[in-house]
There are 2 protein chains.
Amino acid sequence: MSSKQNRTRVTSHDVAALAGVSQSAVSRAFTLGSSISDEKRERILEAARKLSYVPNSIASSLITRRSKTIAIILGNIDNPFYILVLKAFIEKLQESGRQVFTFTVDPKSSADDAIMRVLGYQVDGIVLTSAQISTRTTSLCLDRGIPIILFNRYIPGSDASVVRCDNVGGGRLLAEAFIKARAKRFAIVKGDPMGTTSQDRVQGFTERLLEAGIARSAIQEIEGNSVYDDACKAVLQAYADGAAPLPDAIFGVNDIMAMGAIDAIRHRLGARIPEDVMIGGFDDIPEGRRAPYELTTIRQPIDEMVDETLKILDVAAEEGRVQADRHHLAPTRLIWRKTIRRPT
Amino acid sequence: MSSKQNRTRVTSHDVAALAGVSQSAVSRAFTLGSSISDEKRERILEAARKLSYVPNSIASSLITRRSKTIAIILGNIDNPFYILVLKAFIEKLQESGRQVFTFTVDPKSSADDAIMRVLGYQVDGIVLTSAQISTRTTSLCLDRGIPIILFNRYIPGSDASVVRCDNVGGGRLLAEAFIKARAKRFAIVKGDPMGTTSQDRVQGFTERLLEAGIARSAIQEIEGNSVYDDACKAVLQAYADGAAPLPDAIFGVNDIMAMGAIDAIRHRLGARIPEDVMIGGFDDIPEGRRAPYELTTIRQPIDEMVDETLKILDVAAEEGRVQADRHHLAPTRLIWRKTIRRPT
DNA sequence: GGGCAATTTGCATACGTATTCAATACGCTC
DNA sequence: GAGCGTATTGAATACGTATGCAAATTGCCC
């Protein structure tokens, strides 16, 4: 039944004509808390329904300078953790009548291009995960009153707000678990070397080991590039054919790399977990809870972090200006499962 | 250095003033293929750079009636397959200068609300995965010249375009693999009962088994709800404590459910794969290739399907009208790994 | 240098809604 | 019924860009 060539657009003027009121009235009928009589509003909504009228948010955005849209830029969409983050943002923003522009960028290159693009769309805020941004672009956003929030990462010298978990503390927690389990020789499968997330976790982990009297030479570092495949391959390469003796304990700087390490150790190198090698992760993604892994890990409180981000966005929206350099640090927590021996 | 209270907006008029030209010239300088002299364009771009001018896409959209934005609505974001789809769309659309609105909806309820919202934003197209939509809303989109594409699902009686893979054929392929491996007793872990995706795969699979002389009573159906956890639990419940004898072969209607079945069978029920029970999946997600699974499965050609979808969107954009009811069917292919015994 | 076509330019307007302002209607009190 | 404050209403304008149109400029050939 649908005609393909119907070029008619239904506007508030059409609704106004049908309802016998002015265009202003139509606008007011659709704006909550606007001054209009109940009787007239009903009549207008009725007319709108008849015409299948949908208010043009583009025109509205142009005039109000609010688009009810948030941009989220993902640097590593292959890490399930960031899918959880994306999902949380989408669902919560949808609930409050906002929508999200989703972008992906190479974590090694800068998100500036993507940001310039969304700037043109007058987004109400930008959330950046695992991506770089120049201070010039940051200032540009802040000058225009668009809040920009670095999620789980910070950039020294940047004016952007930051919401992250205590990566250093989490690294320390895991180191302690290994120490209690009497591990002596360690390996760390590191992620994106440009990102503070991996750096901080490695730093906390290493710090704590050194404090416990472990020699730096007993801590090997392996590049896992934040993804499963690279982590799996890197571990394989490091220990295949007795290239080096297997360590007692491996810290996968995120769960997906820890899972890669587990599969390499167990299926390719034929060692047992946790009897021969213990493994710890970071994030607590659902995949790590599954039977083949049952990964002991550090949990990040995603909901808290997302809520905190939304608060910053909301304040910026209400006040119409950006409070520069807000910083929220969420606590982390060790989740015991089966890849680290439990001290008795 | 960024001031928080700078309310100045840089518009094309400002750039025009600085460059000593008209606003039209500025607009033309930023519109590829517009009639403007090189010398003037340079001067304008220089001025724009000085002012950090970013063209307002909202204003542009209002007048051109094109937003360069595509909406993608996901019904099951927990299935990694649809994350692959989302990623493919985002990356390809970004390349061609478009951005995507990402929405999630309950696969059981309708996407109508989300669609009405994006309609107001004048999106250039809507892609729907694993979600319901009313014919009324479909007509509304088509009437307004907004193409709407059902990805891997169809809705009888709907005028929306469809891009999907040969789910029936894929189901048959897998049935054949099982038949060759001499399986006698079967189970199917089904997905969303409302969706044609699961229905078609089950239908093709069952059809082929019946053709091979398998009795309907030898085919058990289990509800897995399209997600890992439910599939895992459902399999457990069906066979725990000898509730029923284990089948020879299980068809997980998508990979993530097949993975749930594998973990249940191997880790909870203590049976071997493929010696005791064979398992086949559908989708070919990267997770299924990992060491603990090595899942034999049916591959969907995601790239082909996404490209085909983009073609439909592009045609609609160029012609300014929607070609109703386009339908593309992509072929599927069996990928042999280790969860089905290879006939010798 | 004259004449003509092709290119470049600016003016004015339109896109569809939100909002200010003045005007009108309404509800009360005395 | 006069007078006053409040709630509704519509006309007009602004948001920032794209584009049709006419005017102006350029380039070219003889």
# chains A, B, ... in the order shown; residues from 1 in each chain; ligands from 1

$ residues_around --residues "DC26 of chain C" --least-positions-apart "4" --cutoff "9 Å" --atoms "only C-alpha atoms (C1' of nucleotides)" --output "PyMOL selection string"
chain D and resi 6-8

$ select_by_dssp --residues "segment 169-303 of chain B" --states "strand (DSSP E or B)" --output "JSON, numbers by chain"
{"B": [186, 187, 188, 189, 190, 219, 220, 221, 222, 223, 249, 250, 251, 252, 278, 279, 280, 281, 282, 283, 296, 297, 298, 299]}

$ write_last_selection --atoms "C-alpha atoms" --output "PDB file, in the first residue's frame"
ATOM      1  CA  PHE B 186      19.413 -35.332  17.243  1.00  0.00           C
ATOM      2  CA  ALA B 187      18.783 -32.237  19.291  1.00  0.00           C
ATOM      3  CA  ILE B 188      18.250 -28.682  18.146  1.00  0.00           C
ATOM      4  CA  VAL B 189      18.958 -25.751  20.438  1.00  0.00           C
ATOM      5  CA  LYS B 190      16.621 -23.119  19.061  1.00  0.00           C
ATOM      6  CA  ILE B 219      14.757 -34.968  16.790  1.00  0.00           C
ATOM      7  CA  GLN B 220      14.445 -33.181  20.086  1.00  0.00           C
ATOM      8  CA  GLU B 221      13.954 -29.429  20.297  1.00  0.00           C
ATOM      9  CA  ILE B 222      15.354 -27.294  23.098  1.00  0.00           C
ATOM     10  CA  GLU B 223      14.793 -23.584  23.714  1.00  0.00           C
ATOM     11  CA  ALA B 249      24.318 -34.678  17.374  1.00  0.00           C
ATOM     12  CA  ILE B 250      23.299 -31.223  18.498  1.00  0.00           C
ATOM     13  CA  PHE B 251      22.548 -28.302  16.216  1.00  0.00           C
ATOM     14  CA  GLY B 252      23.114 -24.982  17.907  1.00  0.00           C
ATOM     15  CA  MET B 278      28.782 -34.002  17.833  1.00  0.00           C
ATOM     16  CA  ILE B 279      27.906 -30.334  17.677  1.00  0.00           C
ATOM     17  CA  GLY B 280      27.347 -27.916  14.818  1.00  0.00           C
ATOM     18  CA  GLY B 281      26.783 -24.177  14.886  1.00  0.00           C
ATOM     19  CA  PHE B 282      25.760 -21.371  12.577  1.00  0.00           C
ATOM     20  CA  ASP B 283      27.373 -17.945  11.920  1.00  0.00           C
ATOM     21  CA  THR B 296      32.215 -26.905  12.938  1.00  0.00           C
ATOM     22  CA  THR B 297      29.720 -24.392  11.644  1.00  0.00           C
ATOM     23  CA  ILE B 298      27.908 -22.685   8.783  1.00  0.00           C
ATOM     24  CA  ARG B 299      29.519 -19.458   7.668  1.00  0.00           C
TER      25      ARG B 299
END

$ interface_residues --of "chain B" --to "chain C" --cutoff "10 Å" --atoms "only C-alpha atoms (C1' of nucleotides)" --output "VMD selection string"
chain B and resid 21 to 25 35 to 37 40 59 to 65

$ interface_residues --of "chain B" --to "chain A" --cutoff "8 Å" --atoms "only C-alpha atoms" --output "ChimeraX atom specification"
/B:1-9,52,54-59,61-62,77,87,90-91,94,99-104,116,119-122,139-140,142-145,159,263,267,290-292,321-324

$ interface_residues --of "chain D" --to "chain A" --cutoff "9 Å" --atoms "only C-alpha atoms (C1' of nucleotides)" --output "list in words"
DA7, DT8, DT9, DG10, DA14, DC15 and DG16 of chain D

$ select_by_dssp --residues "segment 41-268 of chain B" --states "alpha helix (DSSP H)" --output "VMD selection string"
chain B and resid 41 to 51 57 to 64 80 to 95 112 to 120 135 to 143 167 to 180 196 to 211 228 to 239 255 to 263

$ calpha_fit_and_write --fixed "chain A" --moving "chain B" --output "CSV table (one decimal) with C-alpha atoms, in the first residue's frame"
chain,number,residue,atom,x,y,z
B,1,MET,CA,0.0,0.1,0.0
B,2,SER,CA,2.9,2.4,0.5
B,3,SER,CA,3.4,4.8,-2.4
B,4,LYS,CA,7.1,5.3,-3.3
B,5,GLN,CA,6.8,8.8,-4.7
B,6,ASN,CA,5.0,10.6,-1.9
B,7,ARG,CA,7.2,13.7,-1.5
B,8,THR,CA,4.9,15.4,1.0
B,9,ARG,CA,6.5,16.2,4.3
B,10,VAL,CA,4.2,16.7,7.2
B,11,THR,CA,5.3,19.7,9.3
B,12,SER,CA,3.9,21.5,12.3
B,13,HIS,CA,2.2,23.9,10.0
B,14,ASP,CA,0.2,21.1,8.4
B,15,VAL,CA,-0.9,19.9,11.9
B,16,ALA,CA,-1.7,23.5,12.9
B,17,ALA,CA,-3.9,23.9,9.8
B,18,LEU,CA,-5.8,20.7,10.5
B,19,ALA,CA,-6.3,21.5,14.2
B,20,GLY,CA,-7.1,25.1,13.5
B,21,VAL,CA,-4.4,26.6,15.6
B,22,SER,CA,-1.1,28.3,15.1
B,23,GLN,CA,2.2,26.6,14.5
B,24,SER,CA,3.5,27.8,17.9
B,25,ALA,CA,0.7,25.8,19.5
B,26,VAL,CA,1.8,22.7,17.8
B,27,SER,CA,5.3,23.2,19.0
B,28,ARG,CA,4.1,23.7,22.5
B,29,ALA,CA,1.8,20.7,22.4
B,30,PHE,CA,4.9,18.6,21.9
B,31,THR,CA,7.1,20.4,24.4
B,32,LEU,CA,6.6,19.0,27.9
B,33,GLY,CA,5.9,21.8,30.4
B,34,SER,CA,4.9,24.3,27.8
B,35,SER,CA,2.0,26.6,28.4
B,36,ILE,CA,-1.0,25.2,26.6
B,37,SER,CA,-4.5,24.2,27.5
B,38,ASP,CA,-5.3,20.5,27.8
B,39,GLU,CA,-8.2,20.8,25.4
B,40,LYS,CA,-6.0,22.3,22.7
B,41,ARG,CA,-3.2,19.9,23.3
B,42,GLU,CA,-5.6,17.0,22.8
B,43,ARG,CA,-6.9,18.4,19.6
B,44,ILE,CA,-3.4,19.0,18.3
B,45,LEU,CA,-2.2,15.5,19.2
B,46,GLU,CA,-5.2,14.1,17.5
B,47,ALA,CA,-4.5,16.0,14.3
B,48,ALA,CA,-0.8,15.0,14.5
B,49,ARG,CA,-1.8,11.3,14.8
B,50,LYS,CA,-4.1,11.6,11.8
B,51,LEU,CA,-1.3,13.0,9.7
B,52,SER,CA,1.4,10.7,11.1
B,53,TYR,CA,3.3,13.8,12.1
B,54,VAL,CA,6.8,13.3,13.5
B,55,PRO,CA,8.5,16.5,14.9
B,56,ASN,CA,11.6,17.3,13.0
B,57,SER,CA,14.4,17.0,15.6
B,58,ILE,CA,16.9,18.4,13.1
B,59,ALA,CA,15.0,21.7,13.0
B,60,SER,CA,14.6,21.6,16.7
B,61,SER,CA,18.3,20.9,17.3
B,62,LEU,CA,19.2,23.9,15.1
B,63,ILE,CA,17.3,26.3,17.2
B,64,THR,CA,17.9,24.9,20.7
B,65,ARG,CA,21.5,24.0,20.0
B,66,ARG,CA,20.9,20.7,21.7
B,67,SER,CA,20.8,17.5,19.6
B,68,LYS,CA,20.0,15.0,22.4
B,69,THR,CA,22.8,13.0,20.9
B,70,ILE,CA,25.9,11.6,22.5
B,71,ALA,CA,28.9,10.4,20.5
B,72,ILE,CA,30.8,7.4,21.7
B,73,ILE,CA,34.1,6.6,20.1
B,74,LEU,CA,35.5,3.1,20.5
B,75,GLY,CA,39.2,2.4,20.0
B,76,ASN,CA,39.0,-1.4,20.5
B,77,ILE,CA,35.6,-2.8,19.6
B,78,ASP,CA,37.2,-6.3,19.6
B,79,ASN,CA,37.4,-6.3,23.3
B,80,PRO,CA,34.1,-7.5,24.7
B,81,PHE,CA,34.5,-5.2,27.7
B,82,TYR,CA,34.0,-2.2,25.5
B,83,ILE,CA,30.9,-3.8,24.0
B,84,LEU,CA,29.5,-4.0,27.5
B,85,VAL,CA,30.3,-0.3,27.9
B,86,LEU,CA,28.7,0.6,24.6
B,87,LYS,CA,25.6,-1.4,25.5
B,88,ALA,CA,25.3,0.3,28.9
B,89,PHE,CA,25.6,3.7,27.4
B,90,ILE,CA,23.1,3.0,24.6
B,91,GLU,CA,20.5,1.6,26.9
B,92,LYS,CA,20.8,4.3,29.5
B,93,LEU,CA,20.8,7.1,27.0
B,94,GLN,CA,17.9,5.7,25.1
B,95,GLU,CA,15.9,5.6,28.3
B,96,SER,CA,16.4,9.3,28.8
B,97,GLY,CA,15.4,10.1,25.2
B,98,ARG,CA,18.9,10.5,23.8
B,99,GLN,CA,20.6,8.5,21.0
B,100,VAL,CA,24.2,7.7,20.3
B,101,PHE,CA,26.5,8.1,17.4
B,102,THR,CA,28.9,5.2,17.5
B,103,PHE,CA,32.3,5.5,16.0
B,104,THR,CA,35.3,3.3,15.7
B,105,VAL,CA,38.9,4.4,15.4
B,106,ASP,CA,42.3,2.8,15.4
B,107,PRO,CA,43.5,2.9,19.0
B,108,LYS,CA,46.9,3.9,17.8
B,109,SER,CA,45.8,6.9,15.7
B,110,SER,CA,43.8,9.9,16.9
B,111,ALA,CA,40.1,10.3,17.2
B,112,ASP,CA,40.3,13.9,16.0
B,113,ASP,CA,38.7,13.3,12.7
B,114,ALA,CA,35.7,11.5,14.2
B,115,ILE,CA,35.4,14.3,16.7
B,116,MET,CA,35.4,17.1,14.2
B,117,ARG,CA,32.6,15.3,12.4
B,118,VAL,CA,30.4,14.9,15.4
B,119,LEU,CA,31.1,18.5,16.3
B,120,GLY,CA,29.2,19.5,13.2
B,121,TYR,CA,26.3,17.5,14.4
B,122,GLN,CA,26.2,19.5,17.6
B,123,VAL,CA,26.4,16.5,19.9
B,124,ASP,CA,25.7,17.1,23.5
B,125,GLY,CA,28.8,15.2,24.6
B,126,ILE,CA,31.6,12.9,23.5
B,127,VAL,CA,32.8,9.7,25.2
B,128,LEU,CA,36.1,8.4,24.2
B,129,THR,CA,37.4,4.9,25.0
B,130,SER,CA,40.8,3.5,24.1
B,131,ALA,CA,41.6,6.3,21.7
B,132,GLN,CA,43.9,9.2,21.4
B,133,ILE,CA,42.9,12.9,21.1
B,134,SER,CA,44.9,16.0,20.6
B,135,THR,CA,44.8,18.8,23.2
B,136,ARG,CA,43.9,21.2,20.3
B,137,THR,CA,40.7,19.2,19.6
B,138,THR,CA,39.9,18.9,23.2
B,139,SER,CA,40.0,22.7,23.7
B,140,LEU,CA,37.9,23.1,20.6
B,141,CYS,CA,35.1,20.9,22.1
B,142,LEU,CA,35.4,22.5,25.5
B,143,ASP,CA,35.3,26.0,24.0
B,144,ARG,CA,32.0,25.1,22.3
B,145,GLY,CA,30.6,23.8,25.5
B,146,ILE,CA,30.7,20.2,24.5
B,147,PRO,CA,31.8,18.0,27.3
B,148,ILE,CA,34.3,15.3,26.4
B,149,ILE,CA,34.9,12.4,28.7
B,150,LEU,CA,37.8,10.0,28.6
B,151,PHE,CA,36.5,6.6,29.7
B,152,ASN,CA,39.0,4.5,31.5
B,153,ARG,CA,42.0,6.4,30.3
B,154,TYR,CA,43.5,9.8,30.8
B,155,ILE,CA,45.7,12.0,28.8
B,156,PRO,CA,48.3,14.0,30.7
B,157,GLY,CA,47.8,17.8,30.2
B,158,SER,CA,44.4,17.3,28.8
B,159,ASP,CA,41.4,19.3,30.0
B,160,ALA,CA,38.9,16.6,29.3
B,161,SER,CA,37.0,14.9,32.1
B,162,VAL,CA,38.0,11.4,33.1
B,163,VAL,CA,36.1,8.5,34.4
B,164,ARG,CA,38.1,5.4,35.1
B,165,CYS,CA,38.6,2.6,37.6
B,166,ASP,CA,41.6,2.3,39.9
B,167,ASN,CA,43.8,0.4,37.5
B,168,VAL,CA,46.9,0.8,39.6
B,169,GLY,CA,45.0,-0.6,42.6
B,170,GLY,CA,43.5,-3.4,40.6
B,171,GLY,CA,47.0,-4.4,39.4
B,172,ARG,CA,48.1,-4.5,43.1
B,173,LEU,CA,45.2,-6.6,44.1
B,174,LEU,CA,46.1,-9.2,41.6
B,175,ALA,CA,49.7,-9.2,42.5
B,176,GLU,CA,48.7,-9.8,46.1
B,177,ALA,CA,46.6,-12.8,45.1
B,178,PHE,CA,49.6,-14.3,43.3
B,179,ILE,CA,51.9,-13.6,46.2
B,180,LYS,CA,49.6,-15.3,48.6
B,181,ALA,CA,49.5,-18.3,46.2
B,182,ARG,CA,53.3,-18.3,46.5
B,183,ALA,CA,54.1,-17.6,42.9
B,184,LYS,CA,57.8,-16.9,42.2
B,185,ARG,CA,58.1,-16.2,38.5
B,186,PHE,CA,55.8,-13.9,36.6
B,187,ALA,CA,54.7,-12.9,33.2
B,188,ILE,CA,52.6,-9.9,32.1
B,189,VAL,CA,50.7,-9.9,28.9
B,190,LYS,CA,50.4,-6.2,28.1
B,191,GLY,CA,47.9,-4.3,26.0
B,192,ASP,CA,48.1,-1.1,24.0
B,193,PRO,CA,51.4,0.5,25.0
B,194,MET,CA,50.0,3.9,24.2
B,195,GLY,CA,47.1,3.7,26.7
B,196,THR,CA,47.3,4.5,30.3
B,197,THR,CA,44.9,1.7,31.1
B,198,SER,CA,47.5,-1.0,30.4
B,199,GLN,CA,50.4,1.1,31.7
B,200,ASP,CA,48.7,1.7,35.1
B,201,ARG,CA,47.7,-1.9,35.6
B,202,VAL,CA,51.2,-3.1,34.8
B,203,GLN,CA,52.6,-0.5,37.1
B,204,GLY,CA,50.4,-1.4,40.1
B,205,PHE,CA,51.1,-5.1,39.6
B,206,THR,CA,54.9,-4.7,39.2
B,207,GLU,CA,55.1,-2.2,42.1
B,208,ARG,CA,53.4,-4.7,44.5
B,209,LEU,CA,55.6,-7.6,43.4
B,210,LEU,CA,58.8,-5.5,44.0
B,211,GLU,CA,57.5,-4.5,47.4
B,212,ALA,CA,57.1,-8.2,48.2
B,213,GLY,CA,60.8,-8.8,47.3
B,214,ILE,CA,60.3,-10.3,43.9
B,215,ALA,CA,63.2,-9.5,41.6
B,216,ARG,CA,62.5,-7.4,38.5
B,217,SER,CA,64.2,-10.1,36.5
B,218,ALA,CA,61.5,-12.6,37.6
B,219,ILE,CA,58.9,-10.5,35.8
B,220,GLN,CA,58.7,-11.0,32.1
B,221,GLU,CA,56.7,-8.7,29.8
B,222,ILE,CA,54.9,-9.9,26.7
B,223,GLU,CA,53.1,-7.7,24.1
B,224,GLY,CA,49.5,-8.9,23.7
B,225,ASN,CA,48.1,-5.8,21.9
B,226,SER,CA,44.8,-5.9,23.8
B,227,VAL,CA,43.3,-8.7,21.7
B,228,TYR,CA,42.8,-12.4,22.1
B,229,ASP,CA,44.7,-13.6,19.0
B,230,ASP,CA,47.8,-11.6,19.6
B,231,ALA,CA,47.9,-12.6,23.3
B,232,CYS,CA,47.5,-16.2,22.4
B,233,LYS,CA,50.3,-16.1,19.8
B,234,ALA,CA,52.6,-14.0,22.0
B,235,VAL,CA,52.4,-16.5,24.9
B,236,LEU,CA,52.9,-19.4,22.5
B,237,GLN,CA,55.9,-17.8,21.0
B,238,ALA,CA,57.4,-16.9,24.4
B,239,TYR,CA,57.2,-20.5,25.7
B,240,ALA,CA,57.0,-22.8,22.8
B,241,ASP,CA,59.6,-25.5,22.5
B,242,GLY,CA,61.0,-24.5,25.9
B,243,ALA,CA,62.1,-21.1,24.6
B,244,ALA,CA,61.8,-20.2,28.2
B,245,PRO,CA,60.5,-22.1,31.3
B,246,LEU,CA,56.8,-21.4,32.0
B,247,PRO,CA,56.2,-18.9,34.7
B,248,ASP,CA,54.1,-19.6,37.8
B,249,ALA,CA,51.8,-16.8,37.2
B,250,ILE,CA,50.6,-14.8,34.3
B,251,PHE,CA,48.8,-11.4,34.5
B,252,GLY,CA,46.6,-10.8,31.4
B,253,VAL,CA,46.1,-7.1,31.5
B,254,ASN,CA,42.6,-7.6,30.3
B,255,ASP,CA,40.3,-10.6,30.4
B,256,ILE,CA,40.3,-11.2,26.7
B,257,MET,CA,44.1,-11.5,26.7
B,258,ALA,CA,44.0,-13.6,29.8
B,259,MET,CA,41.7,-16.0,27.9
B,260,GLY,CA,44.1,-16.1,25.0
B,261,ALA,CA,46.9,-16.9,27.4
B,262,ILE,CA,44.8,-19.7,29.0
B,263,ASP,CA,44.0,-21.3,25.7
B,264,ALA,CA,47.7,-21.1,24.7
B,265,ILE,CA,48.9,-22.6,27.9
B,266,ARG,CA,46.3,-25.3,28.2
B,267,HIS,CA,45.7,-26.4,24.6
B,268,ARG,CA,49.0,-25.6,22.9
B,269,LEU,CA,51.6,-25.9,25.6
B,270,GLY,CA,49.8,-28.7,27.5
B,271,ALA,CA,50.2,-27.2,31.0
B,272,ARG,CA,47.6,-27.3,33.7
B,273,ILE,CA,45.8,-24.3,35.2
B,274,PRO,CA,46.2,-23.4,38.0
B,275,GLU,CA,48.4,-26.3,39.0
B,276,ASP,CA,51.3,-25.5,36.7
B,277,VAL,CA,50.5,-21.9,35.7
B,278,MET,CA,48.1,-19.5,37.4
B,279,ILE,CA,46.4,-16.8,35.4
B,280,GLY,CA,44.7,-13.6,36.4
B,281,GLY,CA,42.7,-11.1,34.3
B,282,PHE,CA,41.2,-7.7,34.5
B,283,ASP,CA,37.7,-6.4,33.6
B,284,ASP,CA,35.4,-9.4,34.6
B,285,ILE,CA,33.7,-9.9,31.2
B,286,PRO,CA,31.0,-12.6,31.1
B,287,GLU,CA,33.1,-14.7,28.7
B,288,GLY,CA,35.7,-15.2,31.4
B,289,ARG,CA,33.1,-16.8,33.7
B,290,ARG,CA,32.4,-19.6,31.2
B,291,ALA,CA,33.3,-23.2,31.9
B,292,PRO,CA,36.5,-23.3,29.9
B,293,TYR,CA,38.0,-20.3,31.7
B,294,GLU,CA,36.5,-19.6,35.1
B,295,LEU,CA,38.9,-16.7,35.2
B,296,THR,CA,40.0,-15.1,38.5
B,297,THR,CA,40.0,-11.4,37.7
B,298,ILE,CA,39.6,-7.8,38.8
B,299,ARG,CA,36.1,-6.5,38.4
B,300,GLN,CA,35.5,-3.0,37.0
B,301,PRO,CA,32.2,-1.5,38.1
B,302,ILE,CA,30.9,-0.7,34.7
B,303,ASP,CA,27.5,0.6,35.8
B,304,GLU,CA,29.0,3.0,38.3
B,305,MET,CA,31.4,4.3,35.7
B,306,VAL,CA,28.7,4.8,33.1
B,307,ASP,CA,26.4,6.5,35.6
B,308,GLU,CA,29.2,8.8,36.6
B,309,THR,CA,29.8,9.7,33.0
B,310,LEU,CA,26.2,10.4,32.5
B,311,LYS,CA,26.2,12.7,35.5
B,312,ILE,CA,28.9,14.8,34.0
B,313,LEU,CA,27.0,14.9,30.7
B,314,ASP,CA,23.8,15.9,32.5
B,315,VAL,CA,25.4,18.7,34.5
B,316,ALA,CA,27.0,20.1,31.3
B,317,ALA,CA,23.6,20.0,29.6
B,318,GLU,CA,21.8,21.8,32.4
B,319,GLU,CA,24.3,24.4,33.1
B,320,GLY,CA,25.1,24.9,29.5
B,321,ARG,CA,28.8,24.9,30.2
B,322,VAL,CA,31.5,22.3,30.8
B,323,GLN,CA,33.1,21.9,34.2
B,324,ALA,CA,36.6,21.3,33.1
B,325,ASP,CA,38.7,18.4,34.2
B,326,ARG,CA,36.3,16.4,36.3
B,327,HIS,CA,37.8,13.1,37.5
B,328,HIS,CA,36.1,10.1,38.9
B,329,LEU,CA,38.0,7.0,40.1
B,330,ALA,CA,36.0,3.8,40.6
B,331,PRO,CA,37.2,1.1,43.0
B,332,THR,CA,38.1,-2.4,41.7
B,333,ARG,CA,37.6,-5.7,43.4
B,334,LEU,CA,39.1,-9.2,43.1
B,335,ILE,CA,36.8,-11.9,41.9
B,336,TRP,CA,38.0,-15.4,42.9
B,337,ARG,CA,37.4,-18.2,40.4
B,338,LYS,CA,39.6,-21.0,39.5
B,339,THR,CA,42.7,-19.8,37.7
B,340,ILE,CA,44.6,-18.8,40.8
B,341,ARG,CA,45.2,-21.2,43.6
B,342,ARG,CA,43.3,-20.1,46.7
B,343,PRO,CA,45.6,-20.0,49.8
B,344,THR,CA,44.3,-22.4,52.4
